[in-house]
file protein.pdb (PDB, C-alpha atoms, pLDDT in the B column)
MODEL        1
ATOM      1  CA  MET A   1       0.000   0.000   0.000  1.00 62.00           C
ATOM      2  CA  MET A   2       2.787   2.412   0.961  1.00 65.00           C
ATOM      3  CA  LYS A   3       4.712   1.518  -2.169  1.00 68.00           C
ATOM      4  CA  GLN A   4       1.701   2.370  -4.418  1.00 72.00           C
ATOM      5  CA  LEU A   5       1.152   5.693  -2.649  1.00 64.00           C
ATOM      6  CA  PHE A   6       4.842   6.574  -2.988  1.00 69.00           C
ATOM      7  CA  GLY A   7       4.689   5.623  -6.708  1.00 71.00           C
ATOM      8  CA  LYS A   8       1.718   7.964  -7.313  1.00 79.00           C
ATOM      9  CA  TRP A   9       3.365  10.846  -5.476  1.00 83.00           C
ATOM     10  CA  SER A  10       6.590  10.219  -7.342  1.00 85.00           C
ATOM     11  CA  ALA A  11       4.790  10.386 -10.721  1.00 85.00           C
ATOM     12  CA  ILE A  12       2.974  13.596  -9.694  1.00 88.00           C
ATOM     13  CA  ALA A  13       6.235  15.185  -8.533  1.00 89.00           C
ATOM     14  CA  LYS A  14       7.999  14.218 -11.775  1.00 92.00           C
ATOM     15  CA  GLU A  15       5.198  15.675 -13.912  1.00 93.00           C
ATOM     16  CA  SER A  16       5.169  18.861 -11.803  1.00 93.00           C
ATOM     17  CA  ILE A  17       8.907  19.300 -12.257  1.00 94.00           C
ATOM     18  CA  ASP A  18       8.597  18.696 -16.013  1.00 94.00           C
ATOM     19  CA  ARG A  19       5.827  21.303 -16.328  1.00 95.00           C
ATOM     20  CA  ALA A  20       7.754  23.805 -14.191  1.00 95.00           C
ATOM     21  CA  ALA A  21      10.776  23.330 -16.471  1.00 95.00           C
ATOM     22  CA  ILE A  22       8.613  24.039 -19.553  1.00 96.00           C
ATOM     23  CA  VAL A  23       7.228  27.200 -17.940  1.00 96.00           C
ATOM     24  CA  ALA A  24      10.755  28.319 -16.954  1.00 96.00           C
ATOM     25  CA  LYS A  25      11.982  27.799 -20.543  1.00 95.00           C
ATOM     26  CA  LEU A  26       9.015  29.771 -21.887  1.00 95.00           C
ATOM     27  CA  LEU A  27       9.686  32.644 -19.480  1.00 96.00           C
ATOM     28  CA  CYS A  28      13.371  32.692 -20.478  1.00 95.00           C
ATOM     29  CA  LEU A  29      12.404  32.780 -24.156  1.00 95.00           C
ATOM     30  CA  LEU A  30       9.950  35.642 -23.528  1.00 94.00           C
ATOM     31  CA  HIS A  31      12.588  37.586 -21.599  1.00 94.00           C
ATOM     32  CA  VAL A  32      15.231  37.216 -24.322  1.00 94.00           C
ATOM     33  CA  THR A  33      12.717  38.081 -27.059  1.00 93.00           C
ATOM     34  CA  ASN A  34      11.355  41.109 -25.199  1.00 92.00           C
ATOM     35  CA  THR A  35      14.810  42.418 -24.233  1.00 91.00           C
ATOM     36  CA  TYR A  36      16.970  41.712 -27.287  1.00 93.00           C
ATOM     37  CA  ILE A  37      14.764  41.051 -30.325  1.00 95.00           C
ATOM     38  CA  PHE A  38      11.415  42.877 -30.289  1.00 95.00           C
ATOM     39  CA  SER A  39       8.628  44.004 -27.993  1.00 95.00           C
ATOM     40  CA  PRO A  40       5.437  46.016 -27.991  1.00 93.00           C
ATOM     41  CA  THR A  41       5.992  49.583 -26.791  1.00 92.00           C
ATOM     42  CA  LEU A  42       3.448  52.217 -25.758  1.00 92.00           C
ATOM     43  CA  VAL A  43       4.209  55.607 -27.300  1.00 92.00           C
ATOM     44  CA  TYR A  44       2.189  58.784 -26.815  1.00 90.00           C
ATOM     45  CA  GLY A  45       2.383  62.538 -27.078  1.00 92.00           C
ATOM     46  CA  PRO A  46       1.983  65.217 -29.729  1.00 94.00           C
ATOM     47  CA  SER A  47       5.478  65.141 -31.255  1.00 95.00           C
ATOM     48  CA  MET A  48       4.794  62.392 -33.799  1.00 95.00           C
ATOM     49  CA  LEU A  49       1.345  63.557 -34.959  1.00 93.00           C
ATOM     50  CA  PRO A  50      -0.148  62.581 -37.407  1.00 92.00           C
ATOM     51  CA  THR A  51       1.929  59.375 -37.696  1.00 92.00           C
ATOM     52  CA  LEU A  52       1.254  58.322 -34.088  1.00 92.00           C
ATOM     53  CA  ASN A  53      -1.764  59.252 -31.962  1.00 89.00           C
ATOM     54  CA  LEU A  54      -1.644  61.846 -29.203  1.00 87.00           C
ATOM     55  CA  THR A  55      -3.407  59.529 -26.738  1.00 87.00           C
ATOM     56  CA  GLY A  56      -1.096  56.632 -27.422  1.00 86.00           C
ATOM     57  CA  ASP A  57      -0.319  53.805 -29.801  1.00 91.00           C
ATOM     58  CA  VAL A  58       1.254  50.438 -29.232  1.00 93.00           C
ATOM     59  CA  VAL A  59       4.067  49.906 -31.718  1.00 95.00           C
ATOM     60  CA  LEU A  60       6.222  46.865 -32.394  1.00 95.00           C
ATOM     61  CA  SER A  61       9.851  47.827 -31.821  1.00 96.00           C
ATOM     62  CA  GLU A  62      12.791  45.664 -32.770  1.00 97.00           C
ATOM     63  CA  TYR A  63      16.211  45.882 -31.169  1.00 96.00           C
ATOM     64  CA  VAL A  64      18.524  44.361 -33.785  1.00 96.00           C
ATOM     65  CA  SER A  65      18.679  46.843 -36.710  1.00 94.00           C
ATOM     66  CA  HIS A  66      20.342  49.672 -34.818  1.00 93.00           C
ATOM     67  CA  ARG A  67      23.041  47.304 -33.544  1.00 93.00           C
ATOM     68  CA  LEU A  68      23.798  46.314 -37.134  1.00 94.00           C
ATOM     69  CA  GLY A  69      23.827  49.900 -38.409  1.00 93.00           C
ATOM     70  CA  LYS A  70      20.586  49.410 -40.345  1.00 95.00           C
ATOM     71  CA  VAL A  71      18.928  52.683 -39.310  1.00 97.00           C
ATOM     72  CA  GLY A  72      18.599  55.458 -41.857  1.00 97.00           C
ATOM     73  CA  PRO A  73      16.716  58.620 -42.759  1.00 97.00           C
ATOM     74  CA  GLY A  74      12.954  58.144 -42.555  1.00 97.00           C
ATOM     75  CA  ASP A  75      13.066  55.429 -39.878  1.00 97.00           C
ATOM     76  CA  VAL A  76      11.077  55.947 -36.677  1.00 97.00           C
ATOM     77  CA  VAL A  77      13.242  55.029 -33.690  1.00 98.00           C
ATOM     78  CA  LEU A  78      13.056  54.730 -29.918  1.00 97.00           C
ATOM     79  CA  VAL A  79      15.735  56.895 -28.357  1.00 97.00           C
ATOM     80  CA  GLN A  80      16.886  57.276 -24.778  1.00 97.00           C
ATOM     81  CA  SER A  81      16.276  60.954 -24.087  1.00 96.00           C
ATOM     82  CA  PRO A  82      19.496  62.981 -23.907  1.00 95.00           C
ATOM     83  CA  GLU A  83      17.797  65.246 -21.329  1.00 94.00           C
ATOM     84  CA  ASN A  84      16.298  62.547 -19.088  1.00 94.00           C
ATOM     85  CA  PRO A  85      17.961  59.097 -19.367  1.00 93.00           C
ATOM     86  CA  ARG A  86      14.975  57.385 -17.714  1.00 95.00           C
ATOM     87  CA  LYS A  87      12.689  58.532 -20.533  1.00 95.00           C
ATOM     88  CA  MET A  88      12.310  57.009 -24.003  1.00 95.00           C
ATOM     89  CA  ILE A  89      11.299  59.239 -26.896  1.00 96.00           C
ATOM     90  CA  THR A  90      10.015  58.311 -30.341  1.00 96.00           C
ATOM     91  CA  LYS A  91      11.357  60.348 -33.260  1.00 97.00           C
ATOM     92  CA  ARG A  92      12.068  60.077 -36.973  1.00 98.00           C
ATOM     93  CA  VAL A  93      15.670  59.936 -38.201  1.00 98.00           C
ATOM     94  CA  VAL A  94      16.157  62.885 -40.561  1.00 97.00           C
ATOM     95  CA  ALA A  95      19.901  62.718 -41.191  1.00 98.00           C
ATOM     96  CA  MET A  96      22.925  60.540 -40.474  1.00 98.00           C
ATOM     97  CA  GLU A  97      26.549  61.434 -39.721  1.00 97.00           C
ATOM     98  CA  GLY A  98      28.078  63.672 -42.369  1.00 98.00           C
ATOM     99  CA  ASP A  99      24.702  64.892 -43.701  1.00 98.00           C
ATOM    100  CA  ALA A 100      23.890  68.606 -43.766  1.00 98.00           C
ATOM    101  CA  VAL A 101      20.593  69.472 -42.083  1.00 97.00           C
ATOM    102  CA  SER A 102      18.642  72.707 -42.450  1.00 96.00           C
ATOM    103  CA  TYR A 103      15.958  73.259 -39.859  1.00 94.00           C
ATOM    104  CA  LEU A 104      13.693  76.011 -38.553  1.00 91.00           C
ATOM    105  CA  VAL A 105      15.015  77.266 -35.220  1.00 87.00           C
ATOM    106  CA  ASP A 106      11.564  78.167 -33.859  1.00 86.00           C
ATOM    107  CA  PRO A 107       8.882  77.259 -36.428  1.00 87.00           C
ATOM    108  CA  SER A 108       5.987  78.770 -34.450  1.00 86.00           C
ATOM    109  CA  ARG A 109       7.603  82.232 -34.201  1.00 88.00           C
ATOM    110  CA  SER A 110       9.839  82.767 -37.240  1.00 87.00           C
ATOM    111  CA  ASP A 111      11.150  81.413 -40.514  1.00 89.00           C
ATOM    112  CA  ARG A 112      14.773  81.665 -39.365  1.00 92.00           C
ATOM    113  CA  SER A 113      16.702  78.540 -40.255  1.00 94.00           C
ATOM    114  CA  ARG A 114      20.084  77.036 -39.447  1.00 95.00           C
ATOM    115  CA  THR A 115      22.197  74.478 -41.230  1.00 97.00           C
ATOM    116  CA  ILE A 116      24.578  72.089 -39.496  1.00 96.00           C
ATOM    117  CA  VAL A 117      26.531  68.991 -40.451  1.00 98.00           C
ATOM    118  CA  VAL A 118      25.742  65.955 -38.292  1.00 98.00           C
ATOM    119  CA  PRO A 119      28.975  64.861 -36.543  1.00 98.00           C
ATOM    120  CA  LYS A 120      30.430  61.368 -36.739  1.00 98.00           C
ATOM    121  CA  GLY A 121      28.599  58.816 -34.569  1.00 97.00           C
ATOM    122  CA  HIS A 122      25.429  60.943 -34.353  1.00 98.00           C
ATOM    123  CA  VAL A 123      22.002  61.176 -35.982  1.00 98.00           C
ATOM    124  CA  TRP A 124      19.540  64.043 -36.367  1.00 98.00           C
ATOM    125  CA  ASN A 125      16.060  63.148 -35.067  1.00 97.00           C
ATOM    126  CA  GLN A 126      12.886  65.194 -35.359  1.00 97.00           C
ATOM    127  CA  GLY A 127       9.252  64.649 -34.511  1.00 96.00           C
ATOM    128  CA  ASP A 128       6.753  64.740 -37.357  1.00 96.00           C
ATOM    129  CA  ASN A 129       4.890  67.594 -35.640  1.00 95.00           C
ATOM    130  CA  ILE A 130       7.563  70.318 -35.661  1.00 92.00           C
ATOM    131  CA  TYR A 131       5.376  72.663 -33.609  1.00 92.00           C
ATOM    132  CA  ALA A 132       5.177  70.323 -30.603  1.00 93.00           C
ATOM    133  CA  SER A 133       8.369  68.283 -30.634  1.00 94.00           C
ATOM    134  CA  ASN A 134      11.394  68.436 -28.359  1.00 94.00           C
ATOM    135  CA  ASP A 135      14.032  66.932 -30.612  1.00 96.00           C
ATOM    136  CA  SER A 136      17.441  67.533 -32.210  1.00 96.00           C
ATOM    137  CA  ARG A 137      16.418  71.110 -32.964  1.00 94.00           C
ATOM    138  CA  ASN A 138      16.472  71.648 -29.188  1.00 93.00           C
ATOM    139  CA  PHE A 139      19.293  69.402 -27.975  1.00 94.00           C
ATOM    140  CA  GLY A 140      21.375  68.888 -31.114  1.00 96.00           C
ATOM    141  CA  PRO A 141      22.544  65.718 -32.817  1.00 97.00           C
ATOM    142  CA  ILE A 142      21.932  62.533 -30.838  1.00 97.00           C
ATOM    143  CA  PRO A 143      24.699  59.953 -30.286  1.00 97.00           C
ATOM    144  CA  TYR A 144      23.929  56.790 -32.246  1.00 97.00           C
ATOM    145  CA  GLY A 145      24.353  54.799 -29.015  1.00 96.00           C
ATOM    146  CA  LEU A 146      21.189  56.363 -27.554  1.00 97.00           C
ATOM    147  CA  ILE A 147      19.048  54.633 -30.201  1.00 97.00           C
ATOM    148  CA  GLN A 148      17.351  51.752 -28.414  1.00 96.00           C
ATOM    149  CA  GLY A 149      15.167  50.302 -31.166  1.00 96.00           C
ATOM    150  CA  LYS A 150      13.509  50.743 -34.525  1.00 97.00           C
ATOM    151  CA  VAL A 151       9.727  50.983 -34.770  1.00 96.00           C
ATOM    152  CA  ARG A 152       8.444  48.466 -37.315  1.00 95.00           C
ATOM    153  CA  CYS A 153       4.657  48.902 -37.194  1.00 92.00           C
ATOM    154  CA  ARG A 154       1.739  50.196 -35.181  1.00 91.00           C
ATOM    155  CA  VAL A 155      -0.283  47.347 -33.667  1.00 88.00           C
ATOM    156  CA  TRP A 156      -2.848  49.302 -31.665  1.00 77.00           C
ATOM    157  CA  PRO A 157      -5.355  50.925 -32.211  1.00 71.00           C
ATOM    158  CA  LEU A 158      -6.642  48.314 -34.604  1.00 51.00           C
ATOM    159  CA  ASP A 159      -7.992  50.847 -37.090  1.00 53.00           C
ATOM    160  CA  GLY A 160      -4.419  52.047 -37.634  1.00 55.00           C
ATOM    161  CA  PHE A 161      -2.765  48.631 -38.063  1.00 54.00           C
ATOM    162  CA  GLY A 162       0.130  48.689 -40.440  1.00 58.00           C
ATOM    163  CA  SER A 163       3.571  49.957 -41.272  1.00 59.00           C
ATOM    164  CA  LEU A 164       4.812  53.449 -40.504  1.00 63.00           C
TER     165      LEU A 164
ENDMDL
END
call {"tool": "encode", "arguments": {"input": "protein.pdb", "output": "structure tokens"}}
result
Amino acid sequence: MMKQLFGKWSAIAKESIDRAAIVAKLLCLLHVTNTYIFSPTLVYGPSMLPTLNLTGDVVLSEYVSHRLGKVGPGDVVLVQSPENPRKMITKRVVAMEGDAVSYLVDPSRSDRSRTIVVPKGHVWNQGDNIYASNDSRNFGPIPYGLIQGKVRCRVWPLDGFGSL
């Protein structure tokens, strides 16, 4: 009788350990995918209007392209803010190192423009809504190392599903 009871408990314990191992592997896979490959990211604010909504969109961001140097003008990227390192900002790459950029210094007040050449190892990022964006026009070229990911597509709201 004792031997049968021990056999049942042994089988239950083995199955529990096997299932726990599967769950642990799944959690490890999710962690690696979310940290190093791609993840959904909530972005909001007026700086990327009309491309992204003021009240927020969920975008799919991937974390491989920028490490391989596959970011270029026109790409929407996630950038660690040069003003507040705990904050992520979403901007469009306008120019790469060596490119000349002309921009309006204060578009809401004047037509005065400036032209600069983006230094080596930097990119020039701007929001699509130049009237409400704190971007390279305010804090200058951004070091390439601050780029954290490349936005691939908007996944929420559903009516706006698709590429950027």
call {"tool": "closest_residue", "arguments": {"input": "protein.pdb", "among": "A:Gly121, A:Lys14, A:Ser113, A:Ser133", "to": "A:Gly98", "atoms": "only C-alpha atoms"}}
result
A:Gly121
call {"tool": "resolve_selection", "arguments": {"input": "protein.pdb", "expression": "the PyMOL selection byres ((chain A and resi 20-37) around 9)", "output": "VMD selection string"}}
result
chain A and resid 15 to 19 38 to 40 61 to 64
call {"tool": "closest_residue", "arguments": {"input": "protein.pdb", "among": "A:Gly74, A:Gly56, A:Pro119, A:Gly7", "to": "A:Leu42", "atoms": "only C-alpha atoms"}}
result
A:Gly56
call {"tool": "closest_residue", "arguments": {"input": "protein.pdb", "among": "A:Val117, A:Ile12, A:Val151, A:Val94", "to": "A:Leu52", "atoms": "only C-alpha atoms"}}
result
A:Val151
call {"tool": "resolve_selection", "arguments": {"input": "protein.pdb", "expression": "the PyMOL selection byres ((chain A and resi 144) around 10)", "output": "PDB file with C-alpha atoms, in the frame of the given file"}}
result
ATOM      1  CA  HIS A  66      20.342  49.672 -34.818  1.00 93.00           C
ATOM      2  CA  ARG A  67      23.041  47.304 -33.544  1.00 93.00           C
ATOM      3  CA  GLY A  69      23.827  49.900 -38.409  1.00 93.00           C
ATOM      4  CA  VAL A  71      18.928  52.683 -39.310  1.00 97.00           C
ATOM      5  CA  VAL A  79      15.735  56.895 -28.357  1.00 97.00           C
ATOM      6  CA  MET A  96      22.925  60.540 -40.474  1.00 98.00           C
ATOM      7  CA  GLU A  97      26.549  61.434 -39.721  1.00 97.00           C
ATOM      8  CA  LYS A 120      30.430  61.368 -36.739  1.00 98.00           C
ATOM      9  CA  GLY A 121      28.599  58.816 -34.569  1.00 97.00           C
ATOM     10  CA  HIS A 122      25.429  60.943 -34.353  1.00 98.00           C
ATOM     11  CA  VAL A 123      22.002  61.176 -35.982  1.00 98.00           C
ATOM     12  CA  TRP A 124      19.540  64.043 -36.367  1.00 98.00           C
ATOM     13  CA  PRO A 141      22.544  65.718 -32.817  1.00 97.00           C
ATOM     14  CA  ILE A 142      21.932  62.533 -30.838  1.00 97.00           C
ATOM     15  CA  PRO A 143      24.699  59.953 -30.286  1.00 97.00           C
ATOM     16  CA  GLY A 145      24.353  54.799 -29.015  1.00 96.00           C
ATOM     17  CA  LEU A 146      21.189  56.363 -27.554  1.00 97.00           C
ATOM     18  CA  ILE A 147      19.048  54.633 -30.201  1.00 97.00           C
ATOM     19  CA  GLN A 148      17.351  51.752 -28.414  1.00 96.00           C
TER      20      GLN A 148
END
call {"tool": "atom_distance", "arguments": {"input": "protein.pdb", "atom1": "atom CA of A:Asp111", "atom2": "atom CA of A:Thr51"}}
result
24.1 Å
call {"tool": "atom_distance", "arguments": {"input": "protein.pdb", "atom1": "atom CA of A:Val155", "atom2": "atom CA of A:Lys91"}}
result
17.5 Å
call {"tool": "closest_residue", "arguments": {"input": "protein.pdb", "among": "A:Pro157, A:Gly140, A:Gly45, A:Pro50", "to": "A:Ile89", "atoms": "all atoms listed in the file"}}
result
A:Gly45
call {"tool": "closest_residue", "arguments": {"input": "protein.pdb", "among": "A:Leu49, A:Val93, A:Leu54, A:Ala11", "to": "A:Gly149", "atoms": "all atoms listed in the file"}}
result
A:Val93
call {"tool": "residues_around", "arguments": {"input": "protein.pdb", "residues": "A:Ile130", "least_positions_apart": "6", "cutoff": "10 Å", "atoms": "all atoms listed in the file", "output": "list in words"}}
result
Pro46, Ser47, Met48, Leu49, Tyr103, Leu104, Asp106, Pro107, Ser108 and Arg137 of chain A
call {"tool": "write_last_selection", "arguments": {"input": "protein.pdb", "atoms": "C-alpha atoms", "output": "mmCIF file, in the frame of the given file"}}
result
data_model
loop_
_atom_site.group_PDB
_atom_site.id
_atom_site.type_symbol
_atom_site.label_atom_id
_atom_site.label_comp_id
_atom_site.auth_asym_id
_atom_site.auth_seq_id
_atom_site.Cartn_x
_atom_site.Cartn_y
_atom_site.Cartn_z
ATOM 1 C CA PRO A 46 1.983 65.217 -29.729
ATOM 2 C CA SER A 47 5.478 65.141 -31.255
ATOM 3 C CA MET A 48 4.794 62.392 -33.799
ATOM 4 C CA LEU A 49 1.345 63.557 -34.959
ATOM 5 C CA TYR A 103 15.958 73.259 -39.859
ATOM 6 C CA LEU A 104 13.693 76.011 -38.553
ATOM 7 C CA ASP A 106 11.564 78.167 -33.859
ATOM 8 C CA PRO A 107 8.882 77.259 -36.428
ATOM 9 C CA SER A 108 5.987 78.770 -34.450
ATOM 10 C CA ARG A 137 16.418 71.110 -32.964
#
call {"tool": "atom_distance", "arguments": {"input": "protein.pdb", "atom1": "atom CA of A:Leu60", "atom2": "atom CA of A:Lys150"}}
result
8.5 Å
call {"tool": "closest_residue", "arguments": {"input": "protein.pdb", "among": "A:Thr90, A:Ser110, A:Ser102, A:Ser136", "to": "A:Val77", "atoms": "all atoms listed in the file"}}
result
A:Thr90
